[in-house]
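**Q** Enclosed is the structure file protein17.txt (compact mmCIF, C-alpha atoms).
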# COMPACT_ATOMS: atom_id res chain seq x y z
CA MET V 1 -18.14 48.17 17.30
CA ALA V 2 -18.55 48.76 13.59
CA ASN V 3 -14.77 49.22 13.26
CA PHE V 4 -14.18 45.92 15.11
CA ILE V 5 -16.53 44.00 12.81
CA PHE V 6 -14.94 45.59 9.76
CA GLY V 7 -11.47 44.64 11.07
CA VAL V 8 -12.47 40.98 11.54
CA PHE V 9 -14.06 40.93 8.07
CA LEU V 10 -10.88 42.40 6.54
CA ILE V 11 -8.68 39.76 8.23
CA LEU V 12 -10.88 36.95 6.88
CA VAL V 13 -10.81 38.38 3.37
CA LEU V 14 -7.03 38.82 3.42
CA SER V 15 -6.57 35.28 4.76
CA TYR V 16 -8.75 33.89 1.96
CA LEU V 17 -6.88 35.85 -0.70
CA SER V 18 -3.55 34.76 0.76
CA ASN V 19 -4.54 31.12 0.46
CA ARG V 20 -5.65 31.68 -3.12
CA VAL V 21 -2.36 33.40 -4.05
CA THR V 22 0.01 31.00 -2.29
CA GLY V 23 -1.92 27.90 -3.29
CA LYS V 24 -2.07 26.70 0.31
CA ALA V 25 -5.12 24.73 1.32
CA PRO V 26 -7.13 25.92 4.33
CA VAL V 27 -6.11 24.32 7.63
CA LYS V 28 -9.37 22.37 7.94
CA GLU V 29 -8.90 20.96 4.45
CA ILE V 30 -5.31 19.91 5.20
CA HIS V 31 -6.33 18.12 8.40
CA ALA V 32 -9.17 16.37 6.58
CA ASP V 33 -6.72 15.14 3.94
CA VAL V 34 -4.31 13.97 6.64
CA ASP V 35 -7.03 12.11 8.53
CA GLY V 36 -8.19 10.41 5.34
CA LYS V 37 -4.66 9.38 4.40
CA LEU V 38 -3.94 8.02 7.89
CA LYS V 39 -7.08 5.91 7.73
CA GLN V 40 -6.08 4.63 4.29
CA LEU V 41 -2.51 3.72 5.28
CA ASN V 42 -2.89 2.44 8.86
CA LYS V 43 -4.92 -0.72 8.59
CA PRO V 44 -6.57 -2.33 11.66
CA ALA V 45 -3.98 -4.19 13.75
CA VAL V 46 -4.27 -7.70 15.14
CA LYS V 47 -1.38 -6.83 17.47
CA THR V 48 0.65 -3.69 18.14
CA ILE V 49 4.34 -3.57 19.12
CA GLN V 50 5.97 -0.50 20.69
CA SER V 51 9.60 -0.50 19.58
CA ASP V 52 12.42 0.81 21.79
CA ASP V 53 13.33 3.32 19.08
CA GLY V 54 9.90 4.98 19.16
CA ASP V 55 8.37 3.23 16.15
CA ILE V 56 4.99 1.55 16.43
CA ILE V 57 4.68 -1.70 14.48
CA ASP V 58 1.19 -2.91 13.64
CA CYS V 59 0.70 -6.61 12.88
CA VAL V 60 -1.93 -6.43 10.11
CA ASP V 61 -3.90 -9.29 8.60
CA ILE V 62 -2.01 -10.23 5.44
CA TYR V 63 -5.09 -9.72 3.25
CA ARG V 64 -5.81 -6.26 4.74
CA GLN V 65 -2.43 -4.69 3.93
CA PRO V 66 -2.32 -1.52 1.75
CA ALA V 67 -1.47 -3.44 -1.45
CA PHE V 68 -5.07 -4.57 -1.80
CA ASP V 69 -6.27 -1.00 -2.25
CA HIS V 70 -4.81 -1.24 -5.77
CA PRO V 71 -7.55 -1.83 -8.39
CA ALA V 72 -5.46 -4.52 -10.13
CA LEU V 73 -5.09 -6.47 -6.86
CA ARG V 74 -8.67 -6.51 -5.56
CA ASN V 75 -9.06 -10.24 -6.34
CA HIS V 76 -5.38 -11.14 -6.13
CA VAL V 77 -4.46 -14.43 -4.44
CA ILE V 78 -1.23 -14.04 -2.48
CA GLN V 79 1.73 -16.10 -3.64
CA MET V 80 3.20 -17.16 -0.31
CA LYS V 81 6.61 -18.23 -1.62
CA PRO V 82 8.57 -18.00 -4.88
CA ASN V 83 9.05 -20.85 -7.32
CA PHE V 84 12.84 -20.78 -7.32
CA ASN V 85 15.57 -22.41 -5.29
CA PHE V 86 17.52 -20.11 -2.99
CA LYS V 87 20.63 -22.28 -3.31
CA GLU V 88 20.78 -21.26 -6.96
CA MET V 89 20.90 -17.63 -5.79
CA GLU V 90 24.01 -18.04 -3.62
CA PHE V 91 27.69 -17.49 -4.37
CA ASN V 92 30.49 -19.80 -3.41
CA SER V 93 32.58 -16.77 -2.52
CA LYS V 94 35.40 -15.85 -0.17
CA ASN V 95 34.13 -12.28 -0.05
CA GLY V 96 32.74 -10.99 3.21
CA SER V 97 33.32 -14.05 5.38
CA SER V 98 33.93 -11.89 8.49
CA LYS V 99 30.98 -9.49 8.07
CA LEU V 100 28.14 -9.53 10.57
CA THR V 101 24.47 -9.17 9.68
CA VAL V 102 22.07 -6.71 11.28
CA PHE V 103 18.63 -6.97 12.87
CA GLN V 104 15.65 -4.64 13.10
CA THR V 105 15.27 -2.73 16.36
CA TRP V 106 11.55 -3.48 16.79
CA GLN V 107 12.23 -7.24 16.83
CA LYS V 108 13.61 -6.90 20.39
CA SER V 109 10.14 -5.84 21.58
CA GLY V 110 7.99 -8.60 20.11
CA SER V 111 6.94 -10.50 17.00
CA CYS V 112 3.94 -10.66 14.70
CA PRO V 113 1.76 -13.78 14.61
CA LYS V 114 1.44 -16.03 11.59
CA GLY V 115 -1.00 -14.69 9.01
CA THR V 116 -0.05 -11.06 9.71
CA VAL V 117 2.59 -8.69 8.35
CA PRO V 118 4.47 -6.03 10.37
CA ILE V 119 3.81 -2.50 9.12
CA ARG V 120 5.42 0.63 10.55
CA ARG V 121 2.61 2.94 11.65
CA ILE V 122 2.37 6.30 9.90
CA ARG V 123 1.74 9.24 12.24
CA ARG V 124 0.14 12.60 11.70
CA GLU V 125 3.48 14.41 11.95
CA ASP V 126 4.90 12.18 9.19
CA LEU V 127 2.26 13.43 6.78
CA LEU V 128 2.58 17.06 7.87
CA ARG V 129 6.33 17.01 7.03
CA ALA V 130 5.59 16.03 3.42
CA GLN V 131 5.30 18.63 0.66
CA SER V 132 1.71 17.44 0.29
CA VAL V 133 -0.42 14.52 1.43
CA GLN V 134 -0.45 13.28 -2.16
CA GLN V 135 3.36 13.39 -2.37
CA PHE V 136 3.88 11.54 0.92
CA GLY V 137 6.06 8.43 0.66
CA ARG V 138 7.38 9.10 -2.83
CA LYS V 139 10.82 9.90 -4.10
CA PRO V 140 10.93 13.42 -5.56
CA GLN V 141 10.35 13.62 -9.27
CA GLU V 142 13.71 13.72 -11.02
CA VAL V 143 14.25 17.11 -12.64
CA VAL V 144 16.37 16.84 -15.80
CA LEU V 145 18.91 19.64 -16.24
CA LYS V 146 18.45 19.87 -20.00
CA SER V 147 16.94 17.43 -22.47
CA ASN V 148 20.25 17.14 -24.34
CA THR V 149 22.56 17.09 -21.30
CA THR V 150 24.05 13.78 -20.12
CA ILE V 151 26.27 12.92 -17.20
CA GLY V 152 27.65 9.70 -18.59
CA ARG V 153 27.95 7.70 -21.78
CA PHE V 154 28.94 4.05 -21.43
CA PRO V 155 29.87 2.62 -24.85
CA SER V 156 31.82 -0.26 -23.27
CA ILE V 157 28.99 -2.11 -21.46
CA ASN V 158 28.21 -5.12 -23.61
CA SER V 159 28.74 -2.88 -26.68
CA ASN V 160 25.64 -0.91 -25.71
CA ALA V 161 25.85 2.89 -25.69
CA LEU V 162 23.96 4.34 -22.76
CA ALA V 163 23.38 8.01 -22.04
CA LEU V 164 22.05 9.05 -18.63
CA PRO V 165 20.37 12.44 -18.18
CA ALA V 166 21.74 14.94 -15.68
CA ILE V 167 19.31 15.15 -12.75
CA VAL V 168 19.18 18.53 -10.98
CA ASN V 169 18.09 17.21 -7.57
CA ARG V 170 20.04 13.94 -7.39
CA SER V 171 23.67 12.92 -7.23
CA ALA V 172 24.62 9.26 -7.60
CA ALA V 173 27.72 7.06 -7.49
CA ILE V 174 26.91 3.72 -9.09
CA LEU V 175 28.08 0.49 -10.68
CA ALA V 176 25.92 -0.37 -13.70
CA THR V 177 25.35 -3.09 -16.26
CA VAL V 178 23.09 -3.08 -19.35
CA GLY V 179 22.65 -5.06 -22.54
CA ALA V 180 20.84 -8.20 -21.37
CA ASN V 181 17.51 -9.29 -19.98
CA TYR V 182 17.96 -9.49 -16.22
CA THR V 183 15.66 -11.49 -13.96
CA GLY V 184 17.50 -10.85 -10.73
CA ALA V 185 20.23 -8.95 -8.88
CA LYS V 186 21.79 -9.01 -5.43
CA ALA V 187 24.49 -7.50 -3.22
CA ASP V 188 25.78 -7.51 0.34
CA ILE V 189 25.49 -3.83 1.32
CA ASN V 190 27.73 -2.38 4.02
CA VAL V 191 25.58 -0.50 6.60
CA TRP V 192 26.41 3.01 7.85
CA ASN V 193 24.65 6.03 9.31
CA PRO V 194 25.87 9.05 7.32
CA ASN V 195 25.16 12.71 8.03
CA VAL V 196 21.97 13.90 6.32
CA GLU V 197 20.53 17.42 6.25
CA SER V 198 16.86 17.75 7.13
CA GLU V 199 15.45 18.27 3.61
CA ASP V 200 17.63 15.58 2.00
CA PHE V 201 17.94 11.83 1.98
CA THR V 202 20.65 9.33 1.11
CA THR V 203 20.49 5.67 0.09
CA ALA V 204 22.68 2.63 -0.53
CA GLN V 205 20.73 0.28 -2.76
CA VAL V 206 20.11 -2.01 -5.72
CA TRP V 207 17.96 -0.90 -8.69
CA LEU V 208 16.43 -3.00 -11.50
CA LYS V 209 15.13 -0.84 -14.34
CA ALA V 210 13.43 -1.07 -17.72
CA GLY V 211 12.11 1.48 -20.18
CA PRO V 212 13.32 4.84 -21.55
CA ASN V 213 15.18 7.35 -19.37
CA ASP V 214 12.25 9.76 -19.24
CA ASN V 215 9.67 7.13 -18.30
CA PHE V 216 11.44 4.14 -16.79
CA GLU V 217 10.12 1.53 -14.39
CA SER V 218 12.21 0.70 -11.34
CA ILE V 219 12.06 -1.66 -8.38
CA GLU V 220 14.70 -1.09 -5.71
CA SER V 221 15.76 -1.78 -2.15
CA GLY V 222 18.55 -1.11 0.34
CA TRP V 223 19.08 1.19 3.32
CA THR V 224 18.33 4.87 3.67
CA VAL V 225 18.59 7.81 6.05
CA ASN V 226 15.55 9.97 5.28
CA PRO V 227 14.54 12.43 8.05
CA GLN V 228 11.73 14.07 6.10
CA LEU V 229 9.99 10.75 5.48
CA TYR V 230 10.65 8.94 8.76
CA GLY V 231 11.11 11.83 11.18
CA ASP V 232 14.60 10.90 12.38
CA LYS V 233 18.11 10.15 11.13
CA LYS V 234 18.19 6.41 11.78
CA THR V 235 19.39 3.97 9.13
CA ARG V 236 16.36 2.07 7.83
CA LEU V 237 15.57 -0.77 5.45
CA PHE V 238 13.47 0.37 2.49
CA ALA V 239 11.87 -0.74 -0.74
CA HIS V 240 10.61 1.50 -3.53
CA TRP V 241 9.00 1.23 -6.96
CA THR V 242 7.86 3.49 -9.79
CA LYS V 243 6.28 3.01 -13.22
CA ASP V 244 7.00 6.50 -14.58
CA SER V 245 10.38 7.78 -13.39
CA TYR V 246 8.92 8.87 -10.00
CA LYS V 247 6.47 11.31 -11.65
CA THR V 248 3.12 10.14 -10.26
CA THR V 249 3.48 6.47 -9.29
CA GLY V 250 5.23 4.43 -6.65
CA CYS V 251 6.33 4.92 -3.08
CA PHE V 252 8.60 3.79 -0.30
CA ASP V 253 7.76 0.63 1.64
CA LEU V 254 4.00 0.04 2.05
CA GLN V 255 3.06 3.73 1.90
CA CYS V 256 0.90 3.12 -1.15
CA SER V 257 -0.55 0.06 -2.85
CA GLY V 258 1.87 -1.84 -5.08
CA PHE V 259 4.06 -4.15 -2.97
CA ILE V 260 2.60 -7.29 -1.36
CA GLN V 261 4.32 -8.30 1.88
CA THR V 262 4.40 -11.96 2.92
CA SER V 263 6.93 -11.92 5.77
CA SER V 264 5.83 -11.65 9.40
CA LYS V 265 9.45 -11.02 10.46
CA ILE V 266 10.64 -7.93 8.56
CA ALA V 267 9.09 -4.44 8.58
CA LEU V 268 9.91 -2.19 5.64
CA GLY V 269 10.90 1.28 6.82
CA ALA V 270 12.02 0.02 10.24
CA ALA V 271 15.43 0.89 11.72
CA ILE V 272 18.32 -1.54 11.42
CA SER V 273 21.33 -2.02 13.68
CA PRO V 274 24.19 -2.34 14.53
CA ILE V 275 25.95 0.17 12.28
CA SER V 276 29.48 -0.18 10.92
CA MET V 277 32.24 1.75 12.67
CA GLU V 278 35.26 3.43 11.12
CA LEU V 279 38.22 1.03 11.32
CA GLY V 280 35.97 -1.24 13.42
CA GLN V 281 33.46 -4.01 12.90
CA GLN V 282 31.65 -3.94 9.57
CA TYR V 283 27.97 -4.87 9.27
CA TYR V 284 25.89 -5.53 6.18
CA ILE V 285 22.50 -6.42 4.78
CA THR V 286 21.97 -8.79 1.87
CA ILE V 287 19.42 -7.57 -0.68
CA GLY V 288 18.21 -9.77 -3.54
CA ILE V 289 15.49 -9.00 -6.08
CA TYR V 290 14.47 -11.92 -8.31
CA MET V 291 11.71 -12.59 -10.82
CA ASP V 292 9.64 -15.73 -10.40
CA GLU V 293 9.51 -16.87 -14.02
CA ASN V 294 6.30 -18.85 -13.39
CA THR V 295 4.32 -15.79 -12.23
CA ASN V 296 6.55 -12.86 -13.33
CA ASN V 297 6.27 -11.44 -9.80
CA TRP V 298 9.46 -9.79 -8.53
CA TRP V 299 10.50 -11.06 -5.08
CA LEU V 300 12.45 -9.06 -2.48
CA ILE V 301 14.77 -11.30 -0.47
CA PHE V 302 16.50 -10.10 2.71
CA GLY V 303 19.46 -11.66 4.49
CA ASN V 304 19.81 -15.42 4.32
CA GLY V 305 16.66 -16.21 2.37
CA ILE V 306 13.90 -14.23 4.15
CA THR V 307 11.21 -13.51 1.56
CA ILE V 308 9.81 -10.08 2.42
CA GLY V 309 7.25 -10.06 -0.39
CA TYR V 310 6.89 -9.15 -4.05
CA TRP V 311 5.95 -6.57 -6.66
CA PRO V 312 3.09 -8.23 -8.59
CA ALA V 313 3.42 -8.52 -12.36
CA SER V 314 -0.13 -7.22 -12.77
CA THR V 315 0.93 -3.76 -11.54
CA LEU V 316 3.95 -3.47 -13.86
CA ASN V 317 4.42 -2.84 -17.58
CA VAL V 318 7.82 -3.48 -19.19
CA LEU V 319 9.30 -4.90 -15.98
CA LYS V 320 6.86 -7.78 -16.04
CA ASN V 321 9.11 -9.32 -18.72
CA SER V 322 12.60 -8.48 -17.41
CA ALA V 323 14.88 -5.64 -16.40
CA THR V 324 17.27 -4.18 -18.97
CA MET V 325 19.56 -2.30 -16.57
CA VAL V 326 20.87 -3.01 -13.07
CA GLU V 327 22.54 -0.45 -10.81
CA TRP V 328 24.28 -0.80 -7.45
CA GLY V 329 25.44 2.11 -5.30
CA GLY V 330 24.32 5.26 -3.55
CA GLN V 331 22.46 8.46 -4.19
CA VAL V 332 21.76 11.76 -2.47
CA TYR V 333 18.52 13.59 -3.14
CA SER V 334 18.77 17.29 -2.31
CA PRO V 335 17.82 20.69 -3.74
CA ASN V 336 21.48 21.57 -3.09
CA VAL V 337 23.41 19.18 -5.33
CA ARG V 338 25.10 20.46 -8.50
CA LYS V 339 25.38 23.94 -6.98
CA SER V 340 27.38 25.97 -4.46
CA PRO V 341 27.03 25.90 -1.54
CA HIS V 342 26.67 22.14 -1.94
CA THR V 343 24.70 20.05 0.53
CA LYS V 344 26.64 18.48 3.40
CA THR V 345 24.55 15.32 3.15
CA ALA V 346 26.90 12.36 2.90
CA MET V 347 26.66 9.20 0.84
CA GLY V 348 27.68 5.76 2.12
CA SER V 349 29.96 6.16 5.14
CA GLY V 350 30.73 9.78 4.30
CA LYS V 351 34.22 8.78 3.11
CA PHE V 352 35.40 8.64 -0.49
CA ALA V 353 35.56 5.28 -2.26
CA SER V 354 39.37 5.26 -2.27
CA SER V 355 39.34 4.88 1.54
CA LEU V 356 38.45 1.19 1.02
CA LYS V 357 37.28 -1.26 3.70
CA GLY V 358 36.84 -0.06 7.22
CA ASN V 359 36.33 3.49 5.98
CA ALA V 360 34.34 3.60 2.75
CA CYS V 361 30.93 2.02 2.19
CA TYR V 362 31.04 -1.00 -0.10
CA MET V 363 29.04 -3.76 -1.77
CA GLU V 364 30.27 -7.32 -2.10
CA ASN V 365 29.00 -10.49 -3.76
CA ILE V 366 27.37 -8.43 -6.48
CA GLY V 367 25.46 -10.60 -8.91
CA ILE V 368 22.86 -10.73 -11.66
CA VAL V 369 20.55 -13.44 -12.93
CA ASP V 370 19.57 -13.67 -16.59
CA PHE V 371 17.50 -16.28 -18.41
CA SER V 372 20.25 -18.82 -17.76
CA THR V 373 18.85 -18.68 -14.16
CA GLN V 374 22.41 -18.71 -12.77
CA LEU V 375 23.61 -16.08 -10.32
CA GLN V 376 26.87 -14.62 -11.62
CA TYR V 377 29.01 -11.53 -11.49
CA PRO V 378 27.93 -9.23 -14.37
CA PRO V 379 30.02 -9.92 -17.51
CA ALA V 380 30.52 -6.18 -18.12
CA VAL V 381 30.12 -3.25 -15.72
CA THR V 382 31.11 0.38 -15.44
CA THR V 383 31.23 2.94 -12.64
CA LEU V 384 29.85 6.44 -12.64
CA ALA V 385 30.06 9.28 -10.11
CA GLU V 386 27.93 12.26 -11.14
CA GLU V 387 29.80 14.73 -8.90
CA ASN V 388 33.26 13.25 -8.61
CA TYR V 389 34.53 15.91 -6.19
CA CYS V 390 31.61 15.29 -3.82
CA TYR V 391 30.99 11.53 -4.10
CA THR V 392 33.12 8.87 -5.79
CA ALA V 393 32.86 5.30 -7.12
CA LEU V 394 35.53 2.59 -7.37
CA ASN V 395 35.30 -1.06 -8.43
CA HIS V 396 38.30 -2.77 -6.84
CA GLN V 397 39.55 -6.35 -6.55
CA ASP V 398 42.47 -7.62 -4.54
CA GLY V 399 44.09 -11.06 -4.66
CA SER V 400 42.00 -12.59 -1.87
CA GLU V 401 38.64 -11.74 -3.44
CA SER V 402 36.81 -13.95 -5.92
CA SER V 403 34.98 -10.94 -7.42
CA PRO V 404 35.41 -7.16 -7.26
CA THR V 405 34.16 -5.07 -4.37
CA PHE V 406 32.35 -1.86 -5.27
CA TYR V 407 33.15 1.17 -3.09
CA PHE V 408 31.16 4.40 -3.19
CA GLY V 409 30.34 7.53 -1.23
CA GLY V 410 31.65 10.83 0.02
CA PRO V 411 30.97 13.73 2.39
CA GLY V 412 29.19 16.05 0.01
CA GLN V 413 30.42 19.58 0.66
CA ASN V 414 34.22 19.73 1.13
CA TYR V 415 37.21 21.82 -0.01
CA ASN V 416 36.89 20.55 -3.61
CA CYS V 417 33.08 20.51 -3.54
CA PRO V 418 32.23 23.92 -2.04
I need this file expressed as structure tokens, please.
**A**
Amino acid sequence: MANFIFGVFLILVLSYLSNRVTGKAPVKEIHADVDGKLKQLNKPAVKTIQSDDGDIIDCVDIYRQPAFDHPALRNHVIQMKPNFNFKEMEFNSKNGSSKLTVFQTWQKSGSCPKGTVPIRRIRREDLLRAQSVQQFGRKPQEVVLKSNTTIGRFPSINSNALALPAIVNRSAAILATVGANYTGAKADINVWNPNVESEDFTTAQVWLKAGPNDNFESIESGWTVNPQLYGDKKTRLFAHWTKDSYKTTGCFDLQCSGFIQTSSKIALGAAISPISMELGQQYYITIGIYMDENTNNWWLIFGNGITIGYWPASTLNVLKNSATMVEWGGQVYSPNVRKSPHTKTAMGSGKFASSLKGNACYMENIGIVDFSTQLQYPPAVTTLAEENYCYTALNHQDGSESSPTFYFGGPGQNYNCP
């Protein structure tokens, strides 16, 4: 009996020491953190919709959404619509006349009533997949290879030299412009469902940025395949923000306080379909991000003028004035970029940019808005592919197009990218 009691005591001691050494929290503590986070994120629903794809969409009172947990927004009065004219944000362009738009899968199962916003419900297993409850919903912090190492220098953009740091855990293929004060950007983004390994994610998106490389602010949106965050490999609409280069602030969608949703029609983080097919029909989403110059709030516009919501100026620093850099393109986050064996996670369609339409992922009707308030193709742009043997970038214009089409993507690991 004494030996049995001693054995149990020894197991408990070793378990305690193991937790201290590995830094792992006790199981009870983890579950308490998860329960608290679920309560914080999943607000009481006026109506619940079970989507065919397995998602649960909660229709939440617009004033009870997660944004109002932010200290700066406790007494915020929602701006229901922007103070700009959508017609001023449209191109008279021949580009993309035959493309078809997509819808969100959950919309086939119901709709949210007026005065509510659709929010994808977070489940216990979503939080348990995260590195930690605190890290849930964030992009990984970008790890710089060396402080003096750069992956690109662009002296030709508006006569502004720009050096970008080499990021250990990210590989991007982008079109970029700098050198002005930007108050908006848009693109029609071709929609695909590329291969993604379980620890990785891939995006096709628009970024607006301001601030230094090591502490920039960014607001961004597009589509992503992110199995660790969402629990599957579906293509999903997303939004993201950060105030400190993804170090401690920001998140995807409504998974923290910072983005105020106004639309009852679109759910951030929800799956989109149909998906483009190789040498077949091509589908796209239109993403626009524009500053309301009366309030300095940044509005996210989806499709043909659907206002999803906005990033409030009161939660931003340098971006509350304007962006100083705009990027369009794709990225792959993985612990296995810039090394061999390289990740097999694809970007875009999984085909290189030179494959062009019907094969490669592309963006059309790319535009910026500056203080002239006119939507226009950027006066000066450049392309950059950080791992040119794994993912590529190409800005191409043929005779039938009124502005260039930007192609990007690749398969990741291949013969030239082992």
**Q** Nearest to Ile275 of chain V among V:Gly211, V:Glu386, V:Pro71, V:Cys361, with distances taken over only C-alpha atoms: which residue is it?
**A**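 Counting only C-alpha atoms, the residue closest to Ile275 of chain V is V:Cys361.
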**Q** Report, in Å with one decimal, the straight-line distance from atom CA of Gly409 of chain V to atom CA of Gly350 of chain V.
**A**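 Between atom CA of Gly409 of chain V and atom CA of Gly350 of chain V the gap is 6.0 Å.
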**Q** Report, in Å to a single decimal, how far apart atom CA of Gln413 of chain V and atom CA of Ala385 of chain V are.
**A**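 Rounded to one decimal, the two atoms are 14.9 Å apart.
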**Q** Find, counting only C-alpha atoms, the residue in V:Pro212, V:Gly288, V:Gly184, V:Gly309 that gets nearest to Ile62 of chain V.
**A**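 Nearest to Ile62 of chain V: V:Gly309.
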**Q** What separation in Å, quoted to one decimal, exists between atom CA of Glu293 of chain V and atom CA of Phe68 of chain V?
**A** 22.7 Å
**Q** Hey, which of V:His240, V:His396, V:Ile289, V:Ser263 ends up closest to Ile301 of chain V? Count all atoms listed in the file.
**A**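 Nearest candidate to Ile301 of chain V out of V:His240, V:His396, V:Ile289, V:Ser263: V:Ile289.
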**Q** Measuring between only C-alpha atoms, which one of V:Trp207, V:Tyr283, V:Phe136, V:Phe216 shows the shortest distance to Gln255 of chain V?
**A** V:Phe136
**Q** I want to know what sits within 9 Å of Gly348 of chain V, based on all atoms listed in the file, with residues of the same chain fewer than 3 positions away left out; could you give that as a VMD selection string?
**A** chain V and resid 190 to 194 202 to 204 329 to 331 351 to 352 360 to 362 407 to 411
**Q** Which residues, written as a VMD selection string, have at least one atom at most 8 Å from Ile285 of chain V, with all atoms listed in the file counted and residues fewer than 5 positions away on the same chain left out?
**A** chain V and resid 101 to 102 188 to 191 222 302 to 303
**Q** Excluding Thr48 of chain V and residues on its chain fewer than 5 positions from it, collect all residues at most 8 Å away from it, counting all atoms listed in the file, and give them as a ChimeraX atom specification.
**A** /V:56-59
**Q** Return the single residue from V:Ser171, V:Ser322, V:Asn317, V:Ser51 that is closest to Thr343 of chain V, with distances computed using all atoms listed in the file.
**A** V:Ser171
**Q** Pick out the closest residue to Leu237 of chain V from this set: V:Asn42, V:Ser340, V:Ser221, V:Gln134. Count only C-alpha atoms.
**A** V:Ser221
**Q** For Val326 of chain V, work out the shell of residues within 7 Å, counting all atoms listed in the file and skipping chain neighbours fewer than 4 positions away, then give it as a PyMOL selection string.
**A** chain V and resi 176-178+207-209
**Q** With all atoms listed in the file as the counted atoms, please give the residues lying no more than 7 Å from Thr183 of chain V, apart from itself and same-chain residues fewer than 6 positions off, as a CSV table (one decimal) with C-alpha atoms, keeping the file's coordinate frame.
**A**
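Saved as around-v3.csv:
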chain,number,residue,atom,x,y,z
V,290,TYR,CA,14.5,-11.9,-8.3
V,291,MET,CA,11.7,-12.6,-10.8
V,322,SER,CA,12.6,-8.5,-17.4
V,323,ALA,CA,14.9,-5.6,-16.4
V,369,VAL,CA,20.6,-13.4,-12.9
V,370,ASP,CA,19.6,-13.7,-16.6
V,371,PHE,CA,17.5,-16.3,-18.4
**Q** How would you write as a PyMOL selection string the residues that get within 7 Å of (26.3, 13.2, -4.8) in the file's frame, counting all atoms listed in the file?
**A** chain V and resi 170-173+331-332+337+347+386-387+390-391+412
**Q** Just give me the residues with any atom within 8 Å of (24.7, 14.8, 9.0), file coordinates, counting only C-alpha atoms, written as a list in words.
**A**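 Output: Pro194, Asn195, Val196, Glu197, Lys344, Thr345 and Ala346 of chain V.
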